[in-house]
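K.L.:
Got a file for you: model-v8.pdb, PDB, C-alpha atoms (C1' of nucleotides).
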```pdb
ATOM      1  CA  MET Y   1      15.588   1.119 -19.147
ATOM      2  CA  GLN Y   2      12.612  -1.198 -19.303
ATOM      3  CA  GLY Y   3      12.711  -4.824 -18.313
ATOM      4  CA  GLN Y   4      15.985  -4.316 -16.526
ATOM      5  CA  CYS Y   5      14.702  -5.503 -13.207
ATOM      6  CA  GLY Y   6      16.571  -8.353 -11.665
ATOM      7  CA  MET Y   7      15.870 -10.589  -8.720
ATOM      8  CA  PHE Y   8      13.250  -9.460  -6.308
ATOM      9  CA  SER Y   9      13.362 -10.340  -2.657
ATOM     10  CA  GLY Y  10      11.032  -8.102  -0.721
ATOM     11  CA  MET Y  11      11.858  -6.784   2.686
ATOM     12  CA  PRO Y  12       9.937  -6.263   5.866
ATOM     13  CA  GLU Y  13       7.736  -3.212   5.367
ATOM     14  CA  LEU Y  14       4.887  -1.849   7.443
ATOM     15  CA  PRO Y  15       2.611  -4.935   7.279
ATOM     16  CA  GLU Y  16       5.428  -7.356   8.077
ATOM     17  CA  VAL Y  17       6.737  -5.249  10.951
ATOM     18  CA  GLU Y  18       3.188  -4.773  12.240
ATOM     19  CA  THR Y  19       2.696  -8.546  12.206
ATOM     20  CA  VAL Y  20       5.928  -9.169  14.098
ATOM     21  CA  ALA Y  21       5.076  -6.379  16.552
ATOM     22  CA  ARG Y  22       1.668  -7.902  17.294
ATOM     23  CA  ASP Y  23       3.201 -11.342  17.754
ATOM     24  CA  LEU Y  24       5.828  -9.974  20.109
ATOM     25  CA  ALA Y  25       3.294  -7.838  21.944
ATOM     26  CA  SER Y  26       1.437 -10.984  22.916
ATOM     27  CA  ALA Y  27       4.581 -12.894  23.883
ATOM     28  CA  LEU Y  28       6.993 -10.478  25.522
ATOM     29  CA  PRO Y  29       5.449  -7.863  27.831
ATOM     30  CA  GLY Y  30       6.143  -8.767  31.454
ATOM     31  CA  ARG Y  31       9.135 -10.919  30.564
ATOM     32  CA  CYS Y  32      12.547 -10.124  31.964
ATOM     33  CA  ILE Y  33      15.803 -10.409  30.020
ATOM     34  CA  THR Y  34      18.215 -12.629  31.936
ATOM     35  CA  ALA Y  35      21.124 -12.984  29.505
ATOM     36  CA  VAL Y  36      22.497 -11.604  26.255
ATOM     37  CA  TRP Y  37      24.502 -13.489  23.644
ATOM     38  CA  LEU Y  38      25.980 -11.759  20.608
ATOM     39  CA  GLY Y  39      27.348 -13.226  17.377
ATOM     40  CA  LYS Y  40      28.663 -10.843  14.728
ATOM     41  CA  THR Y  41      28.347  -7.312  16.021
ATOM     42  CA  ASP Y  42      29.324  -5.094  13.058
ATOM     43  CA  PHE Y  43      25.707  -4.057  12.513
ATOM     44  CA  LEU Y  44      25.217  -2.999  16.137
ATOM     45  CA  ALA Y  45      25.862   0.607  17.107
ATOM     46  CA  ASP Y  46      26.988  -0.322  20.622
ATOM     47  CA  PRO Y  47      27.290  -4.069  21.328
ATOM     48  CA  ALA Y  48      28.712  -3.466  24.794
ATOM     49  CA  ALA Y  49      25.653  -1.471  25.775
ATOM     50  CA  LEU Y  50      23.385  -4.375  24.874
ATOM     51  CA  GLN Y  51      25.587  -6.759  26.816
ATOM     52  CA  THR Y  52      25.693  -4.649  29.961
ATOM     53  CA  GLN Y  53      22.348  -2.866  30.015
ATOM     54  CA  LEU Y  54      19.787  -5.398  28.786
ATOM     55  CA  PRO Y  55      20.133  -8.067  31.478
ATOM     56  CA  GLY Y  56      17.725  -7.251  34.264
ATOM     57  CA  CYS Y  57      15.405  -5.258  32.040
ATOM     58  CA  ARG Y  58      11.723  -6.090  31.868
ATOM     59  CA  ILE Y  59       9.977  -5.720  28.526
ATOM     60  CA  ALA Y  60       7.039  -3.408  29.144
ATOM     61  CA  ALA Y  61       5.589  -3.067  25.665
ATOM     62  CA  VAL Y  62       6.238  -3.749  21.994
ATOM     63  CA  ARG Y  63       5.277  -1.220  19.342
ATOM     64  CA  ARG Y  64       5.789  -0.535  15.662
ATOM     65  CA  TYR Y  65       6.961   2.844  14.390
ATOM     66  CA  GLY Y  66       7.191   2.878  10.622
ATOM     67  CA  LYS Y  67       9.451  -0.063   9.829
ATOM     68  CA  PHE Y  68      10.963  -0.010  13.319
ATOM     69  CA  LEU Y  69      10.110  -2.334  16.171
ATOM     70  CA  LEU Y  70      10.226  -0.666  19.576
ATOM     71  CA  LEU Y  71      10.701  -2.740  22.717
ATOM     72  CA  ASP Y  72      10.110  -0.550  25.755
ATOM     73  CA  LEU Y  73      12.270  -1.616  28.673
ATOM     74  CA  LEU Y  74      12.001  -0.934  32.392
ATOM     75  CA  PRO Y  75      14.739  -1.573  34.930
ATOM     76  CA  ASP Y  76      13.731  -4.526  37.077
ATOM     77  CA  ASN Y  77      16.362  -4.504  39.767
ATOM     78  CA  GLY Y  78      18.051  -1.155  39.726
ATOM     79  CA  THR Y  79      20.838  -2.209  37.376
ATOM     80  CA  GLY Y  80      19.041  -1.384  34.125
ATOM     81  CA  ARG Y  81      17.991   2.013  32.802
ATOM     82  CA  PRO Y  82      14.584   2.738  31.310
ATOM     83  CA  GLY Y  83      14.863   2.811  27.565
ATOM     84  CA  THR Y  84      13.783   1.376  24.271
ATOM     85  CA  LEU Y  85      15.372  -1.268  22.111
ATOM     86  CA  LEU Y  86      14.994  -0.065  18.559
ATOM     87  CA  VAL Y  87      15.069  -2.818  15.933
ATOM     88  CA  HIS Y  88      15.069  -2.354  12.153
ATOM     89  CA  LEU Y  89      14.889  -5.631  10.255
ATOM     90  CA  GLY Y  90      16.660  -4.257   7.199
ATOM     91  CA  MET Y  91      16.131  -6.642   4.313
ATOM     92  CA  THR Y  92      16.573 -10.065   5.836
ATOM     93  CA  GLY Y  93      16.205  -9.568   9.574
ATOM     94  CA  GLN Y  94      13.991 -11.897  11.611
ATOM     95  CA  LEU Y  95      12.933 -11.563  15.232
ATOM     96  CA  VAL Y  96      11.631 -14.853  16.548
ATOM     97  CA  VAL Y  97      10.675 -16.163  19.997
ATOM     98  CA  GLN Y  98      11.866 -19.735  20.516
ATOM     99  CA  PRO Y  99      12.451 -22.127  23.416
ATOM    100  CA  ALA Y 100      16.051 -21.796  24.595
ATOM    101  CA  ALA Y 101      16.573 -25.466  23.739
ATOM    102  CA  ALA Y 102      15.639 -24.997  20.069
ATOM    103  CA  VAL Y 103      18.455 -25.215  17.524
ATOM    104  CA  LEU Y 104      20.026 -21.824  16.832
ATOM    105  CA  PRO Y 105      19.522 -20.979  13.140
ATOM    106  CA  PRO Y 106      22.517 -19.869  11.060
ATOM    107  CA  HIS Y 107      23.165 -16.106  10.942
ATOM    108  CA  THR Y 108      21.695 -15.577  14.397
ATOM    109  CA  HIS Y 109      23.544 -12.624  15.893
ATOM    110  CA  VAL Y 110      21.582 -11.510  18.945
ATOM    111  CA  VAL Y 111      19.965 -13.800  21.504
ATOM    112  CA  LEU Y 112      18.090 -12.425  24.488
ATOM    113  CA  THR Y 113      17.289 -15.123  27.024
ATOM    114  CA  LEU Y 114      14.021 -14.523  28.889
ATOM    115  CA  ASP Y 115      12.954 -15.501  32.384
ATOM    116  CA  ASP Y 116      10.408 -18.025  31.063
ATOM    117  CA  GLY Y 117      12.925 -20.319  29.379
ATOM    118  CA  ARG Y 118      12.460 -18.838  25.939
ATOM    119  CA  GLN Y 119      14.703 -16.640  23.824
ATOM    120  CA  LEU Y 120      14.148 -13.650  21.582
ATOM    121  CA  ARG Y 121      16.474 -14.249  18.637
ATOM    122  CA  TYR Y 122      17.605 -11.869  15.917
ATOM    123  CA  THR Y 123      18.668 -13.606  12.724
ATOM    124  CA  ASP Y 124      19.877 -11.619   9.708
ATOM    125  CA  VAL Y 125      21.753 -13.094   6.731
ATOM    126  CA  ARG Y 126      22.746  -9.715   5.253
ATOM    127  CA  ARG Y 127      23.095  -7.793   8.507
ATOM    128  CA  PHE Y 128      21.498  -4.735   6.900
ATOM    129  CA  GLY Y 129      19.286  -4.497   9.983
ATOM    130  CA  ARG Y 130      20.017  -2.316  12.989
ATOM    131  CA  ILE Y 131      19.551  -2.736  16.742
ATOM    132  CA  VAL Y 132      20.042   0.235  19.001
ATOM    133  CA  LEU Y 133      19.361   0.749  22.675
ATOM    134  CA  VAL Y 134      18.254   4.304  23.396
ATOM    135  CA  SER Y 135      17.363   5.936  26.687
ATOM    136  CA  ALA Y 136      13.879   7.302  27.198
ATOM    137  CA  GLY Y 137      15.069  10.816  26.424
ATOM    138  CA  GLU Y 138      16.825   9.836  23.202
ATOM    139  CA  LEU Y 139      13.899   8.033  21.605
ATOM    140  CA  ASP Y 140      12.237  11.097  20.121
ATOM    141  CA  VAL Y 141      15.515  12.204  18.547
ATOM    142  CA  SER Y 142      16.105   8.763  17.061
ATOM    143  CA  LEU Y 143      12.709   8.748  15.395
ATOM    144  CA  ALA Y 144      12.648  12.404  14.397
ATOM    145  CA  GLY Y 145      12.463  13.006  10.689
ATOM    146  CA  LEU Y 146      10.171  10.098   9.937
ATOM    147  CA  GLY Y 147       6.897  11.150   8.340
ATOM    148  CA  PRO Y 148       3.428  10.194   9.558
ATOM    149  CA  ASP Y 149       2.138   6.631   9.544
ATOM    150  CA  PRO Y 150      -0.021   6.129   6.435
ATOM    151  CA  LEU Y 151      -2.584   4.260   8.534
ATOM    152  CA  GLU Y 152      -2.894   7.115  10.987
ATOM    153  CA  ILE Y 153      -3.406  10.090   8.690
ATOM    154  CA  GLY Y 154      -6.378  11.198   6.645
ATOM    155  CA  GLN Y 155      -6.659  12.256   3.031
ATOM    156  CA  ALA Y 156      -6.117  15.905   3.844
ATOM    157  CA  GLU Y 157      -2.697  15.387   5.377
ATOM    158  CA  PHE Y 158      -1.735  12.841   2.724
ATOM    159  CA  CYS Y 159      -2.514  15.340  -0.030
ATOM    160  CA  ALA Y 160      -0.791  18.170   1.807
ATOM    161  CA  ARG Y 161       2.438  16.212   2.148
ATOM    162  CA  LEU Y 162       2.553  15.011  -1.450
ATOM    163  CA  GLY Y 163       0.543  17.384  -3.572
ATOM    164  CA  ARG Y 164       3.142  20.102  -4.050
ATOM    165  CA  ARG Y 165       6.146  17.876  -4.555
ATOM    166  CA  ARG Y 166       7.670  17.597  -8.020
ATOM    167  CA  ALA Y 167       9.475  14.313  -7.354
ATOM    168  CA  ARG Y 168       8.146  11.102  -8.842
ATOM    169  CA  ILE Y 169       5.341   9.660  -6.784
ATOM    170  CA  LYS Y 170       7.137   6.329  -6.321
ATOM    171  CA  ALA Y 171      10.206   8.075  -4.896
ATOM    172  CA  LEU Y 172       8.040   9.955  -2.408
ATOM    173  CA  LEU Y 173       6.145   6.850  -1.304
ATOM    174  CA  LEU Y 174       9.482   5.160  -0.586
ATOM    175  CA  ASP Y 175      10.896   8.162   1.276
ATOM    176  CA  GLN Y 176      10.427   7.522   4.999
ATOM    177  CA  ARG Y 177      10.502  11.276   5.661
ATOM    178  CA  THR Y 178       7.323  11.681   3.640
ATOM    179  CA  LEU Y 179       5.464   8.685   5.067
ATOM    180  CA  ARG Y 180       6.829   6.035   7.367
ATOM    181  CA  GLY Y 181       6.474   2.334   6.650
ATOM    182  CA  LEU Y 182       6.046   1.908   2.907
ATOM    183  CA  GLY Y 183       8.589  -0.046   0.880
ATOM    184  CA  ASN Y 184       8.876  -1.291  -2.671
ATOM    185  CA  ILE Y 185       6.182  -3.971  -2.587
ATOM    186  CA  TYR Y 186       3.395  -1.890  -1.093
ATOM    187  CA  ALA Y 187       4.284   1.238  -3.039
ATOM    188  CA  ASP Y 188       3.873  -0.707  -6.289
ATOM    189  CA  GLU Y 189       0.707  -2.473  -5.167
ATOM    190  CA  SER Y 190      -0.827   0.829  -4.025
ATOM    191  CA  LEU Y 191       0.024   2.619  -7.274
ATOM    192  CA  TRP Y 192      -1.506  -0.205  -9.273
ATOM    193  CA  ARG Y 193      -4.700  -0.086  -7.238
ATOM    194  CA  ALA Y 194      -4.896   3.682  -7.675
ATOM    195  CA  ARG Y 195      -4.011   3.383 -11.398
ATOM    196  CA  ILE Y 196      -1.086   5.770 -11.119
ATOM    197  CA  HIS Y 197       2.209   5.421 -12.989
ATOM    198  CA  PRO Y 198       5.201   5.214 -10.608
ATOM    199  CA  ALA Y 199       7.210   7.845 -12.514
ATOM    200  CA  GLU Y 200       4.515  10.505 -12.514
ATOM    201  CA  PRO Y 201       5.455  13.656 -10.606
ATOM    202  CA  ALA Y 202       3.332  13.937  -7.460
ATOM    203  CA  ALA Y 203       2.387  17.540  -8.173
ATOM    204  CA  GLN Y 204       0.806  16.420 -11.426
ATOM    205  CA  LEU Y 205      -1.660  14.055  -9.783
ATOM    206  CA  GLY Y 206      -4.211  16.536  -8.525
ATOM    207  CA  PRO Y 207      -6.561  16.123  -5.560
ATOM    208  CA  ALA Y 208      -8.771  13.396  -7.000
ATOM    209  CA  ARG Y 209      -5.989  10.982  -7.851
ATOM    210  CA  LEU Y 210      -4.090  11.775  -4.656
ATOM    211  CA  LYS Y 211      -7.152  10.874  -2.617
ATOM    212  CA  ARG Y 212      -7.509   7.684  -4.612
ATOM    213  CA  LEU Y 213      -3.874   6.867  -3.868
ATOM    214  CA  CYS Y 214      -4.310   7.593  -0.174
ATOM    215  CA  ARG Y 215      -7.275   5.229  -0.063
ATOM    216  CA  ALA Y 216      -5.357   2.589  -2.030
ATOM    217  CA  VAL Y 217      -2.364   2.747   0.326
ATOM    218  CA  ARG Y 218      -4.584   2.235   3.351
ATOM    219  CA  GLN Y 219      -6.523  -0.611   1.760
ATOM    220  CA  ILE Y 220      -3.394  -2.399   0.589
ATOM    221  CA  LEU Y 221      -1.672  -2.080   3.980
ATOM    222  CA  ARG Y 222      -4.726  -3.287   5.905
ATOM    223  CA  GLU Y 223      -5.171  -6.223   3.556
ATOM    224  CA  ALA Y 224      -1.491  -7.143   3.814
ATOM    225  CA  ILE Y 225      -1.630  -7.009   7.606
ATOM    226  CA  ARG Y 226      -4.678  -9.268   7.551
ATOM    227  CA  TRP Y 227      -2.662 -11.783   5.502
ATOM    228  CA  ARG Y 228       0.303 -11.397   7.862
ATOM    229  CA  GLY Y 229       2.638  -9.800   5.340
ATOM    230  CA  SER Y 230       4.477 -10.962   2.228
ATOM    231  CA  SER Y 231       7.061 -13.749   2.333
ATOM    232  CA  ILE Y 232       9.091 -13.824  -0.835
ATOM    233  CA  ALA Y 233      12.428 -15.002   0.451
ATOM    234  CA  ASN Y 234      13.315 -14.275   4.042
ATOM    235  CA  TYR Y 235      10.439 -12.713   5.906
ATOM    236  CA  ARG Y 236       9.030 -14.681   8.827
ATOM    237  CA  ASP Y 237       6.741 -13.591  11.651
ATOM    238  CA  ALA Y 238       7.750 -13.823  15.308
ATOM    239  CA  THR Y 239       6.697 -17.476  15.421
ATOM    240  CA  GLY Y 240       8.861 -18.311  12.416
ATOM    241  CA  ALA Y 241       5.924 -18.693  10.028
ATOM    242  CA  PRO Y 242       5.745 -17.024   6.587
ATOM    243  CA  GLY Y 243       3.094 -14.513   5.595
ATOM    244  CA  ALA Y 244       0.566 -15.136   2.831
ATOM    245  CA  TYR Y 245       0.104 -11.800   1.088
ATOM    246  CA  GLN Y 246       2.653 -12.601  -1.632
ATOM    247  CA  ARG Y 247      -0.063 -14.764  -3.166
ATOM    248  CA  ARG Y 248      -2.244 -11.693  -3.555
ATOM    249  CA  HIS Y 249       0.304  -9.417  -5.202
ATOM    250  CA  ARG Y 250      -1.152  -7.834  -8.325
ATOM    251  CA  VAL Y 251       2.049  -6.398  -9.832
ATOM    252  CA  TYR Y 252       5.074  -6.886  -7.581
ATOM    253  CA  GLY Y 253       7.315  -9.595  -9.016
ATOM    254  CA  ARG Y 254       4.810 -10.320 -11.823
ATOM    255  CA  GLU Y 255       6.718  -8.963 -14.838
ATOM    256  CA  GLY Y 256       5.394 -10.489 -18.058
ATOM    257  CA  LYS Y 257       2.294 -11.918 -16.374
ATOM    258  CA  PRO Y 258      -1.156 -10.588 -17.200
ATOM    259  CA  CYS Y 259      -2.662  -7.716 -15.252
ATOM    260  CA  VAL Y 260      -5.587  -9.129 -13.273
ATOM    261  CA  ARG Y 261      -7.719  -6.150 -14.363
ATOM    262  CA  CYS Y 262      -6.989  -5.900 -18.091
ATOM    263  CA  ARG Y 263      -4.725  -8.852 -19.036
ATOM    264  CA  THR Y 264      -1.984  -6.537 -20.303
ATOM    265  CA  LYS Y 265       1.478  -7.830 -19.478
ATOM    266  CA  ILE Y 266       2.948  -6.335 -16.309
ATOM    267  CA  ARG Y 267       6.144  -4.406 -16.920
ATOM    268  CA  CYS Y 268       9.048  -3.353 -14.777
ATOM    269  CA  LEU Y 269      11.097  -0.215 -14.878
ATOM    270  CA  VAL Y 270      13.582   1.408 -12.558
ATOM    271  CA  VAL Y 271      12.149   4.385 -10.704
ATOM    272  CA  ALA Y 272      13.958   6.004  -7.815
ATOM    273  CA  GLY Y 273      16.609   3.316  -8.152
ATOM    274  CA  ARG Y 274      14.121   0.538  -7.424
ATOM    275  CA  SER Y 275      12.442  -2.090  -9.562
ATOM    276  CA  SER Y 276       8.937  -0.815 -10.156
ATOM    277  CA  TYR Y 277       6.245  -3.173 -11.393
ATOM    278  CA  TYR Y 278       3.188  -1.686 -13.054
ATOM    279  CA  CYS Y 279       0.539  -2.262 -15.695
ATOM    280  CA  PRO Y 280       1.304  -0.097 -18.726
ATOM    281  CA  ARG Y 281      -2.384   0.077 -19.615
ATOM    282  CA  CYS Y 282      -3.964   0.683 -16.193
ATOM    283  CA  GLN Y 283      -1.158   3.014 -15.152
ATOM    284  CA  ARG Y 284      -0.626   5.301 -18.123
ATOM    285  CA  ALA Y 285       2.447   7.481 -18.043
ATOM    286  CA  PRO Y 286       2.323  11.052 -19.196
ATOM    287  CA  LYS Y 287       5.171  11.546 -21.680
ATOM    288  CA  SER Y 288       6.739  14.077 -19.364
ATOM    289  CA  ALA Y 289       7.104  11.449 -16.651
ATOM    290  CA  LEU Y 290       9.374   9.236 -18.711
ATOM    291  CA  ARG Y 291      11.809  11.906 -19.818
ATOM    292  CA  PRO Y 292      14.588  12.859 -17.460
ATOM    293  CA  VAL Y 293      13.802  16.042 -15.598
ATOM    294  CA  ARG Y 294      15.445  19.053 -17.196
ATOM    295  CA  ARG Y 295      15.776  22.539 -15.926
ATOM    296  CA  PRO Y 296      15.707  25.737 -17.928
ATOM    297  CA  ARG Y 297      19.251  26.678 -18.791
ATOM    298  CA  GLN Y 298      20.732  29.825 -17.319
ATOM    299  CA  ILE Y 299      20.795  32.531 -19.959
ATOM    300  CA  ALA Y 300      24.126  34.332 -20.018
ATOM    301  CA  HIS Y 301      23.929  38.068 -20.532
TER     302      HIS Y 301
ATOM    303  C1'  DC Q 302      15.604  23.905  -0.707
ATOM    304  C1'  DT Q 303      14.428  20.119  -3.743
ATOM    305  C1'  DT Q 304      15.515  16.375  -6.626
ATOM    306  C1'  DA Q 305      18.381  12.731  -8.834
ATOM    307  C1'  DC Q 306      21.887   9.707  -8.733
ATOM    308  C1'  DG Q 307      25.941   6.877  -7.564
ATOM    309  C1'  DG Q 308      28.338   4.366  -4.053
ATOM    310  C1'  DC Q 309      28.615   1.613   0.086
ATOM    311  C1'  DC Q 310      27.309  -2.232   3.205
ATOM    312  C1'  DT Q 311      26.414  -8.033   2.633
ATOM    313  C1'  DG Q 312      25.990 -12.581   0.630
ATOM    314  C1'  DG Q 313      22.479 -15.867  -1.824
ATOM    315  C1'  DG Q 314      21.027 -16.756  -6.303
ATOM    316  C1'  DT Q 315      21.918 -16.604 -11.061
ATOM    317  C1'  DG Q 316      24.220 -17.189 -15.259
ATOM    318  C1'  DC Q 317      28.202 -18.010 -17.806
TER     319       DC Q 317
ATOM    320  C1'  DT M 318      32.685 -27.500 -10.404
ATOM    321  C1'  DG M 319      33.718 -22.478  -9.929
ATOM    322  C1'  DC M 320      33.203 -17.650  -9.759
ATOM    323  C1'  DA M 321      32.023 -12.775 -11.074
ATOM    324  C1'  DC M 322      28.188 -10.164 -10.819
ATOM    325  C1'  DC M 323      23.638  -8.376  -9.526
ATOM    326  C1'  DC M 324      20.551  -6.596  -6.347
ATOM    327  C1'  DA M 325      17.929  -5.500  -2.110
ATOM    328  C1'  DG M 326      16.891  -0.628   1.571
ATOM    329  C1'  DG M 327      18.800   3.043   4.072
ATOM    330  C1'  DC M 328      21.974   6.457   4.200
ATOM    331  C1'  DC M 329      25.294   9.717   2.701
ATOM    332  C1'  DG M 330      27.784  12.771  -0.436
ATOM    333  C1'  DT M 331      27.503  15.416  -4.546
ATOM    334  C1'  DA M 332      25.732  17.934  -8.421
ATOM    335  C1'  DA M 333      22.287  20.590 -10.808
TER     336       DA M 333
END
```
Translate the structure described by the file into structure tokens.

P.N.:
Amino acid sequence: MQGQCGMFSGMPELPEVETVARDLASALPGRCITAVWLGKTDFLADPAALQTQLPGCRIAAVRRYGKFLLLDLLPDNGTGRPGTLLVHLGMTGQLVVQPAAAVLPPHTHVVLTLDDGRQLRYTDVRRFGRIVLVSAGELDVSLAGLGPDPLEIGQAEFCARLGRRRARIKALLLDQRTLRGLGNIYADESLWRARIHPAEPAAQLGPARLKRLCRAVRQILREAIRWRGSSIANYRDATGAPGAYQRRHRVYGREGKPCVRCRTKIRCLVVAGRSSYYCPRCQRAPKSALRPVRRPRQIAH
DNA sequence: CTTACGGCCTGGGTGC
DNA sequence: TGCACCCAGGCCGTAA
């Protein structure tokens, strides 16, 4: 099972989406959408709705919710309905503001022309992203089920949500129902900082290590936001520029390289179906964590 | 109910 | 030069 990790690419997670949201929040509010152009539409829930309902809408605000970008829209001339454009960048999605005259990059599938001569463009090689227009009343339903934002909760709630779970800690960090916004990169970086093995059951951590993990998650996310996210392959901010946090990764994508704390070679193993990079010395695994979970057999009588 | 896992979507990069 | 395969994250179905 070990060393079986293949290519790593890295997707937009909380820090990347936060960076894009901040960029868009300084560029879009007040702008009106004047035209919509669509390329491939198989990743759109309702292409016709975008085509008919977006023109005439004014962008009121841009927010991040977990890994989602939320563009709040207000009708500008009576033809549009108040709502929110929900954008998930998937693995390779990019949302960039460009002058309308700029060359359209390949794999651009949604172009919203704005009333200032610029365009908001969605480019996505894999089309694993999603764009959905929801009415004001539907927004809560669309976002229901996502856990709290790790930057908005304290240690108490963090421990309460994780402390009694038997699943592996890495699986829980990746589960958007537990916490919203973490992905593979920042889960691994957080576990390394907190010196916790990715395959350890959460319930086994205890309060002290859970608090350490909570603190690590917050520190890692804040640091990554400060460096404008990680660009490994596709991620770009809303101006088209890459982030810089990939240069500060301590474990992610560093298999075989020395741990910056203890010089032990970083290893990779599959946990929760994802490549998980960790230091085998700093992040010791209890033997129980590496064996497949078994249940007591039913005794026939 | 909780957890684990396999499959599906797509296509660039990799390795043969 | 070609080409089969791997893998990413979210989601869903299934099994224990």

K.L.:
Which polymer residues have any atom within 12 Å of an atom of DC329 in chain M, counting all atoms listed in the file, with same-chain residues fewer than 4 positions away left out, as a ChimeraX atom specification?

P.N.:
/Q:306-309

K.L.:
Mind listing as a compact mmCIF listing (two decimals) with C-alpha atoms (C1' of nucleotides), keeping the file's coordinate frame all residues within 8 Å of (23.3, -13.0, -6.0), counting only C-alpha atoms (C1' of nucleotides)?

P.N.:
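Dumped to point-v5.txt:
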```
# COMPACT_ATOMS: atom_id res chain seq x y z
C1' DG Q 312 25.99 -12.58 0.63
C1' DG Q 313 22.48 -15.87 -1.82
C1' DG Q 314 21.03 -16.76 -6.30
C1' DT Q 315 21.92 -16.60 -11.06
C1' DC M 322 28.19 -10.16 -10.82
C1' DC M 323 23.64 -8.38 -9.53
C1' DC M 324 20.55 -6.60 -6.35
```

K.L.:
Given the choices Y:Val134, Y:Ala272, Y:Cys282, Y:Leu54, which gets closest to chain M if the distance is worked out from all atoms listed in the file?

P.N.:
Y:Ala272

K.L.:
Could you please determine the separation between CA of Pro106 in chain Y and CA of Asp42 in chain Y in Å, to one decimal place?

P.N.:
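Computed distance, CA of Pro106 in chain Y to CA of Asp42 in chain Y, equals 16.4 Å.
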
K.L.:
Could you please tell me, as a list in words, which residues of chain Y have an atom within 9 Å of chain Q when using only C-alpha atoms (C1' of nucleotides)?

P.N.:
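Residues passing the distance filter: Met7, Val125, Arg126, Arg127, Phe128, Arg165, Arg166, Ala167, Ala272, Gly273 and Val293 of chain Y.
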
K.L.:
Translate the PyMOL selection byres ((chain M and resi 327) around 12) into a concrete residue list for this structure, as a ChimeraX atom specification.

P.N.:
/Y:67,88-91,128-130,174-177,183 /Q:309-310 /M:325-326,328-329
